[in-house]
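So this one's protein12.cif, mmCIF, C-alpha atoms and all ligand atoms:
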```cif
data_target
#
loop_
_atom_site.label_atom_id
_atom_site.label_comp_id
_atom_site.auth_asym_id
_atom_site.auth_seq_id
_atom_site.Cartn_x
_atom_site.Cartn_y
_atom_site.Cartn_z
CA MET A 1 -36.22 -0.87 143.45
CA ASN A 2 -32.64 -0.20 142.43
CA ASN A 3 -31.15 3.22 141.66
CA ASN A 4 -31.22 2.49 137.97
CA ASN A 5 -35.04 2.11 137.92
CA LYS A 6 -35.41 5.28 139.96
CA GLY A 7 -33.39 7.11 137.29
CA LYS A 8 -35.67 5.78 134.56
CA LYS A 9 -38.79 6.80 136.49
CA ASN A 10 -37.48 10.33 136.99
CA LYS A 11 -36.62 10.55 133.33
CA SER A 12 -40.09 9.42 132.20
CA LYS A 13 -41.64 11.80 134.76
CA GLY A 14 -39.67 14.60 133.13
CA GLN A 15 -40.73 13.49 129.65
CA GLY A 16 -44.38 13.33 130.75
CA LYS A 17 -44.16 16.88 132.02
CA GLU A 18 -42.57 18.01 128.77
CA ARG A 19 -45.26 16.26 126.71
CA ARG A 20 -48.05 17.79 128.82
CA ALA A 21 -46.52 21.25 128.34
CA GLN A 22 -46.28 20.59 124.59
CA LEU A 23 -49.92 19.46 124.41
CA LYS A 24 -50.96 22.53 126.37
CA ALA A 25 -49.06 24.79 123.95
CA GLU A 26 -50.63 23.03 120.94
CA LYS A 27 -54.10 23.43 122.43
CA ALA A 28 -53.48 27.12 123.11
CA LYS A 29 -52.17 27.65 119.56
CA ASP A 30 -55.20 25.89 118.09
CA ALA A 31 -57.62 27.93 120.21
CA ALA A 32 -55.88 31.20 119.26
CA ALA A 33 -55.98 30.27 115.54
CA ARG A 34 -59.69 29.35 115.73
CA LEU A 35 -60.45 32.65 117.45
CA LEU A 36 -58.73 34.59 114.64
CA VAL A 37 -60.77 32.68 112.03
CA LYS A 38 -63.99 33.32 113.96
CA GLN A 39 -63.20 37.03 114.30
CA ALA A 40 -62.41 37.36 110.58
CA ASN A 41 -65.69 35.66 109.68
CA GLU A 42 -67.63 38.04 111.91
CA ILE A 43 -66.48 41.16 110.05
CA ALA A 44 -69.34 42.66 108.03
CA ASP A 45 -67.08 43.65 105.12
CA PRO A 46 -63.35 42.80 105.26
CA LEU A 47 -62.73 45.22 102.38
CA ALA A 48 -64.31 48.24 104.09
CA LYS A 49 -61.02 49.26 105.77
CA PHE A 50 -59.30 49.53 102.38
CA PRO A 51 -61.32 51.89 100.16
CA THR A 52 -58.41 52.44 97.74
CA PHE A 53 -58.47 48.71 96.93
CA THR A 54 -62.09 48.79 95.76
CA LYS A 55 -61.06 50.28 92.39
CA PHE A 56 -58.91 48.97 89.57
CA GLU A 57 -58.31 51.51 86.81
CA ARG A 58 -55.42 50.23 84.68
CA ASN A 59 -54.73 48.90 81.20
CA GLY A 60 -58.02 50.22 79.84
CA LEU A 61 -60.11 48.64 82.62
CA ASN A 62 -62.42 50.60 84.90
CA CYS A 63 -63.43 48.17 87.62
CA LYS A 64 -64.83 48.21 91.12
CA LEU A 65 -64.65 45.44 93.68
CA ASP A 66 -66.89 44.41 96.50
CA CYS A 67 -66.85 41.68 99.08
CA LYS A 68 -69.84 39.79 100.47
CA ARG A 69 -70.81 36.58 102.21
CA VAL A 70 -72.53 34.12 99.90
CA ASN A 71 -75.87 34.57 101.67
CA ASP A 72 -75.79 38.32 100.95
CA LEU A 73 -75.10 37.85 97.22
CA ASP A 74 -77.78 38.55 94.67
CA PRO A 75 -78.92 35.05 93.49
CA GLU A 76 -78.42 36.12 89.85
CA LEU A 77 -74.82 37.11 90.60
CA LEU A 78 -74.20 33.75 92.27
CA GLU A 79 -75.57 31.94 89.19
CA TRP A 80 -73.24 34.00 86.99
CA ALA A 81 -70.28 32.98 89.20
CA ILE A 82 -71.24 29.28 89.10
CA THR A 83 -71.60 29.42 85.30
CA LEU A 84 -68.26 31.23 84.82
CA CYS A 85 -66.56 28.66 87.04
CA GLN A 86 -68.06 25.86 84.96
CA ILE A 87 -67.01 27.45 81.65
CA ASN A 88 -63.44 28.05 82.87
CA MET A 89 -62.89 24.89 84.91
CA GLN A 90 -64.96 22.02 83.49
CA PRO A 91 -62.37 21.16 80.79
CA LEU A 92 -59.61 21.08 83.43
CA TYR A 93 -61.66 18.93 85.85
CA GLU A 94 -62.49 16.56 82.99
CA LYS A 95 -58.77 16.01 82.46
CA SER A 96 -58.38 15.08 86.13
CA GLN A 97 -59.15 11.82 87.98
CA ARG A 98 -62.19 13.30 89.70
CA GLY A 99 -64.04 14.61 86.62
CA TRP A 100 -66.51 17.50 86.64
CA ARG A 101 -69.20 17.16 89.30
CA ALA A 102 -71.54 20.09 88.79
CA ASN A 103 -73.66 19.46 91.90
CA GLU A 104 -70.66 19.17 94.19
CA LYS A 105 -69.20 22.42 92.82
CA ARG A 106 -72.56 24.18 93.27
CA GLU A 107 -72.77 22.91 96.85
CA GLU A 108 -69.22 24.07 97.62
CA MET A 109 -69.86 27.49 96.10
CA THR A 110 -73.08 28.00 98.08
CA GLU A 111 -71.97 26.79 101.54
CA GLU A 112 -72.56 29.51 104.08
CA GLU A 113 -68.85 29.82 104.94
CA ALA A 114 -68.17 31.09 101.41
CA TRP A 115 -67.13 34.71 100.85
CA TYR A 116 -67.10 36.38 97.42
CA LEU A 117 -64.86 39.15 96.15
CA VAL A 118 -66.46 40.31 92.91
CA ALA A 119 -65.05 42.64 90.23
CA TYR A 120 -67.42 44.68 88.04
CA ASP A 121 -66.88 46.57 84.80
CA VAL A 122 -68.08 50.04 85.83
CA ASN A 123 -68.72 51.22 82.26
CA LEU A 124 -70.81 48.20 81.30
CA ASP A 125 -72.25 47.68 84.80
CA LYS A 126 -71.64 43.92 84.80
CA PRO A 127 -69.62 41.40 86.82
CA ILE A 128 -66.38 40.29 85.14
CA GLY A 129 -64.48 38.21 87.69
CA PHE A 130 -64.62 36.82 91.19
CA SER A 131 -62.87 34.94 93.93
CA HIS A 132 -64.66 32.51 96.25
CA PHE A 133 -62.62 32.42 99.44
CA ARG A 134 -62.93 31.46 103.09
CA PHE A 135 -61.32 32.29 106.40
CA ASP A 136 -60.74 28.78 107.72
CA MET A 137 -58.56 26.35 109.63
CA ASP A 138 -56.23 24.28 107.44
CA TYR A 139 -53.98 21.62 108.99
CA GLY A 140 -54.17 23.49 112.29
CA ASP A 141 -53.37 26.89 110.81
CA GLU A 142 -55.52 30.01 110.37
CA VAL A 143 -55.68 30.72 106.64
CA LEU A 144 -57.51 32.50 103.90
CA TYR A 145 -58.29 29.71 101.42
CA CYS A 146 -58.86 30.88 97.86
CA TYR A 147 -61.27 28.31 96.39
CA GLU A 148 -61.72 30.05 93.03
CA LEU A 149 -60.22 32.88 91.05
CA GLN A 150 -62.09 33.27 87.77
CA LEU A 151 -62.16 36.04 85.18
CA GLU A 152 -64.22 36.43 82.02
CA PRO A 153 -61.82 35.73 79.08
CA GLU A 154 -61.83 39.29 77.68
CA TYR A 155 -60.68 40.74 81.01
CA ARG A 156 -57.58 38.56 81.38
CA GLY A 157 -53.96 39.59 80.93
CA LYS A 158 -54.57 43.14 82.20
CA GLY A 159 -53.43 42.79 85.79
CA LEU A 160 -56.87 42.25 87.31
CA GLY A 161 -56.14 38.67 88.47
CA ARG A 162 -52.99 39.81 90.27
CA PHE A 163 -54.92 42.73 91.82
CA ILE A 164 -57.69 40.42 93.14
CA LEU A 165 -55.02 38.14 94.66
CA GLN A 166 -53.37 41.15 96.31
CA VAL A 167 -56.73 42.18 97.79
CA LEU A 168 -57.17 38.64 99.17
CA GLU A 169 -53.69 38.89 100.72
CA LEU A 170 -54.57 42.25 102.25
CA MET A 171 -57.77 40.88 103.79
CA ALA A 172 -55.93 37.76 104.99
CA PHE A 173 -52.92 39.43 106.55
CA SER A 174 -54.79 42.38 108.07
CA ASN A 175 -56.90 39.75 109.89
CA GLN A 176 -53.77 37.92 111.04
CA MET A 177 -54.19 34.82 108.90
CA LEU A 178 -50.93 32.86 108.61
CA LYS A 179 -51.13 32.43 104.83
CA VAL A 180 -53.22 32.52 101.68
CA VAL A 181 -53.65 29.00 100.33
CA LEU A 182 -54.99 27.69 97.03
CA THR A 183 -55.08 24.57 94.89
CA VAL A 184 -54.12 24.43 91.24
CA PHE A 185 -54.20 21.54 88.77
CA LYS A 186 -50.78 20.43 87.54
CA HIS A 187 -52.31 20.38 84.05
CA ASN A 188 -53.23 24.07 84.30
CA PRO A 189 -49.81 25.48 83.31
CA ARG A 190 -51.26 28.95 82.72
CA GLY A 191 -52.80 29.06 86.20
CA MET A 192 -49.57 27.68 87.64
CA SER A 193 -47.36 30.29 85.97
CA PHE A 194 -49.78 33.06 86.94
CA PHE A 195 -49.56 32.08 90.64
CA GLN A 196 -45.79 31.68 90.41
CA LYS A 197 -45.52 35.18 88.92
CA CYS A 198 -47.58 36.36 91.87
CA ARG A 199 -44.97 34.75 94.17
CA TYR A 200 -46.95 31.75 95.37
CA GLU A 201 -44.88 28.74 96.38
CA ILE A 202 -45.55 25.05 96.93
CA ASP A 203 -47.10 24.74 100.37
CA GLU A 204 -45.78 22.31 102.98
CA THR A 205 -49.18 20.53 102.84
CA SER A 206 -48.97 19.89 99.08
CA PRO A 207 -48.86 16.12 98.40
CA GLU A 208 -45.48 14.74 97.34
CA ASP A 209 -45.02 14.14 93.61
CA ASP A 210 -43.47 10.72 94.16
CA ASP A 211 -46.25 9.20 96.31
CA ILE A 212 -47.21 6.27 94.06
CA ASP A 213 -49.92 5.09 96.49
CA ASP A 214 -51.70 8.40 96.27
CA PRO A 215 -50.85 10.12 93.00
CA VAL A 216 -52.45 13.54 92.76
CA ASP A 217 -52.94 15.92 89.87
CA TYR A 218 -52.90 19.14 91.85
CA ARG A 219 -50.54 21.24 93.89
CA ILE A 220 -51.26 23.33 96.94
CA LEU A 221 -49.65 26.75 96.74
CA SER A 222 -49.43 29.46 99.37
CA LYS A 223 -48.06 32.83 100.32
CA LEU A 224 -47.00 33.35 103.92
CA ASN A 225 -47.83 36.34 106.08
CA LYS A 226 -44.35 37.78 106.68
CA MET A 227 -45.54 39.56 109.81
CA LYS A 228 -46.29 36.29 111.60
CA PRO A 229 -43.82 33.88 113.17
CA THR A 230 -44.07 30.52 111.42
CA GLN A 231 -42.92 28.08 114.09
CA LYS A 232 -45.30 25.13 114.03
CA THR A 233 -46.43 22.85 116.79
CA SER A 234 -46.74 19.25 115.68
CA LEU A 235 -50.48 18.80 115.12
C1 LIG B 301 -55.55 32.82 85.99
C2 LIG B 301 -56.21 34.20 85.93
C3 LIG B 301 -57.00 34.44 87.20
C4 LIG B 301 -55.07 35.23 85.81
O1 LIG B 301 -55.61 36.55 85.82
P1 LIG B 301 -55.11 37.67 84.79
O2 LIG B 301 -55.77 38.94 85.10
O3 LIG B 301 -55.26 37.14 83.41
O4 LIG B 301 -53.54 37.75 85.14
P2 LIG B 301 -52.69 39.10 85.27
O5 LIG B 301 -52.91 39.91 84.05
O6 LIG B 301 -52.96 39.73 86.58
O7 LIG B 301 -51.21 38.52 85.25
C5 LIG B 301 -50.33 38.54 86.34
C6 LIG B 301 -49.02 37.90 85.93
O8 LIG B 301 -49.26 36.53 85.57
C7 LIG B 301 -48.87 36.31 84.21
N1 LIG B 301 -49.88 35.48 83.54
C8 LIG B 301 -51.21 35.71 83.50
N2 LIG B 301 -51.81 34.79 82.74
C9 LIG B 301 -50.81 33.99 82.28
C10 LIG B 301 -50.78 32.87 81.41
N3 LIG B 301 -51.91 32.41 80.85
N4 LIG B 301 -49.60 32.28 81.15
C11 LIG B 301 -48.44 32.77 81.68
N5 LIG B 301 -48.41 33.84 82.51
C12 LIG B 301 -49.57 34.43 82.80
C13 LIG B 301 -48.85 37.67 83.56
O9 LIG B 301 -47.95 37.73 82.47
C14 LIG B 301 -48.45 38.57 84.69
O10 LIG B 301 -47.05 38.57 84.86
P3 LIG B 301 -46.20 39.91 84.63
O11 LIG B 301 -46.78 40.92 85.59
O12 LIG B 301 -44.82 39.50 84.92
O13 LIG B 301 -46.48 40.28 83.21
C15 LIG B 301 -57.16 34.35 84.70
O14 LIG B 301 -56.40 34.19 83.53
C16 LIG B 301 -58.30 33.34 84.68
O15 LIG B 301 -59.39 33.64 85.18
N6 LIG B 301 -58.08 32.15 84.09
C17 LIG B 301 -59.11 31.11 83.99
C18 LIG B 301 -59.43 30.46 85.32
C19 LIG B 301 -58.21 29.92 86.05
O16 LIG B 301 -57.39 29.19 85.47
N7 LIG B 301 -58.11 30.25 87.34
C20 LIG B 301 -56.98 29.88 88.17
C21 LIG B 301 -57.00 28.49 88.60
S1 LIG B 301 -58.04 28.24 89.98
#
```
Rewritten as structure tokens:
Amino acid sequence: MNNNNKGKKNKSKGQGKERRAQLKAEKAKDAAARLLVKQANEIADPLAKFPTFTKFERNGLNCKLDCKRVNDLDPELLEWAITLCQINMQPLYEKSQRGWRANEKREEMTEEEAWYLVAYDVNLDKPIGFSHFRFDMDYGDEVLYCYELQLEPEYRGKGLGRFILQVLELMAFSNQMLKVVLTVFKHNPRGMSFFQKCRYEIDETSPEDDDIDDPVDYRILSKLNKMKPTQKTSL
């Protein structure tokens, strides 16, 4: 063996060590993120710590909010949420490549990982809006994923949507999630401008617009937890 080969071997030994250390750090990051998600999902009521955020009394609305796992929801309330989602979203899904698939949506909305934040009109004693969300792993990160944000038409434009999003952010960031993530159709300009007004930005995981092999009709938006460092390991 000549000196040159020895040099190469030492170099690759060093690189191996570096790679092992990197893999170890990635594994530790993944385990820590999964633990945070597990802990958040074990909380009985993530809204309980924030009693002032259970009321929304502005712009003529008198609302209360509560937060439950799907399995603790009244079945009638769940049916109302599924119907409202269909009324609001079916036309948008029908404009997309995937079309409206009622059974798939029902399945998604009833999976046991689903959480519901529901707003009620206190005067009329009826539900008026909801968010289906989850504490979950997304591309290796701990996130609160907002699957749905839906209001009855007559309760829109009064600040309630923004308030529900803020409550989601509060529950996400107080449980050390890295970000709140959501998906919005490109052909839902109202939804898009609402989320932009609420300071959501295109997420790094959102598919590129110019990918002709995989054209998509949605964008992934997110808001980062400013209290968390964002350096990523390459997963
Ligand atoms: C999107 C939705 C949740 C917004 O809730 P909302 O209570 O109507 O919105 P808010 O009143 O809190 O508005 C917050 C900001 O967004 C803006 N905004 C709300 N709706 C908007 C619209 N249709 N077009 C443009 N901007 C809009 C508001 O002007 C406000 O900005 P401002 O504070 O600078 O005035 C609600 O309209 C809805 O349920 N829509 C149907 C379902 C849907 O599209 N869901 C989102 C996609 S998953």
What lies within 8 Å of Phe130 of chain A using only C-alpha atoms, ignoring chain neighbours under 6 positions off, as JSON, numbers by chain? {"A": [81, 116, 117, 118, 119, 148, 149, 150, 151]}
Produce as number ranges by chain the set of residues near ligand LIG 301 (chain B), where near means within 10 Å with all atoms listed in the file considered. A: 59, 84-89, 92, 128-131, 146-166, 182-185, 188-199
How far is it from atom CA of Val70 of chain A to atom CA of Ala114 of chain A, in Å with one decimal? 5.5 Å
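For the pair atom CA of Glu42 of chain A and atom CA of Asn71 of chain A, the separation is 13.6 Å.
For the residues A:Arg219, A:Ala28, A:Cys63, A:Tyr200, ranking by smallest atom-to-atom distance to Leu124 of chain A using only C-alpha atoms places A:Cys63 first.
From atom CA of Glu208 of chain A back to atom CA of Asn225 of chain A, the distance works out to 23.4 Å.
Nearest-residue note for Asp138 of chain A: choosing from A:Glu18, A:Asp214, A:Asp66, A:Asp203, the minimum distance belongs to A:Asp203, counting only C-alpha atoms.
Residue nearest Asn41 of chain A, chosen from A:Arg134, A:Lys95, A:Arg101, A:His187 and counting all atoms listed in the file: A:Arg134.
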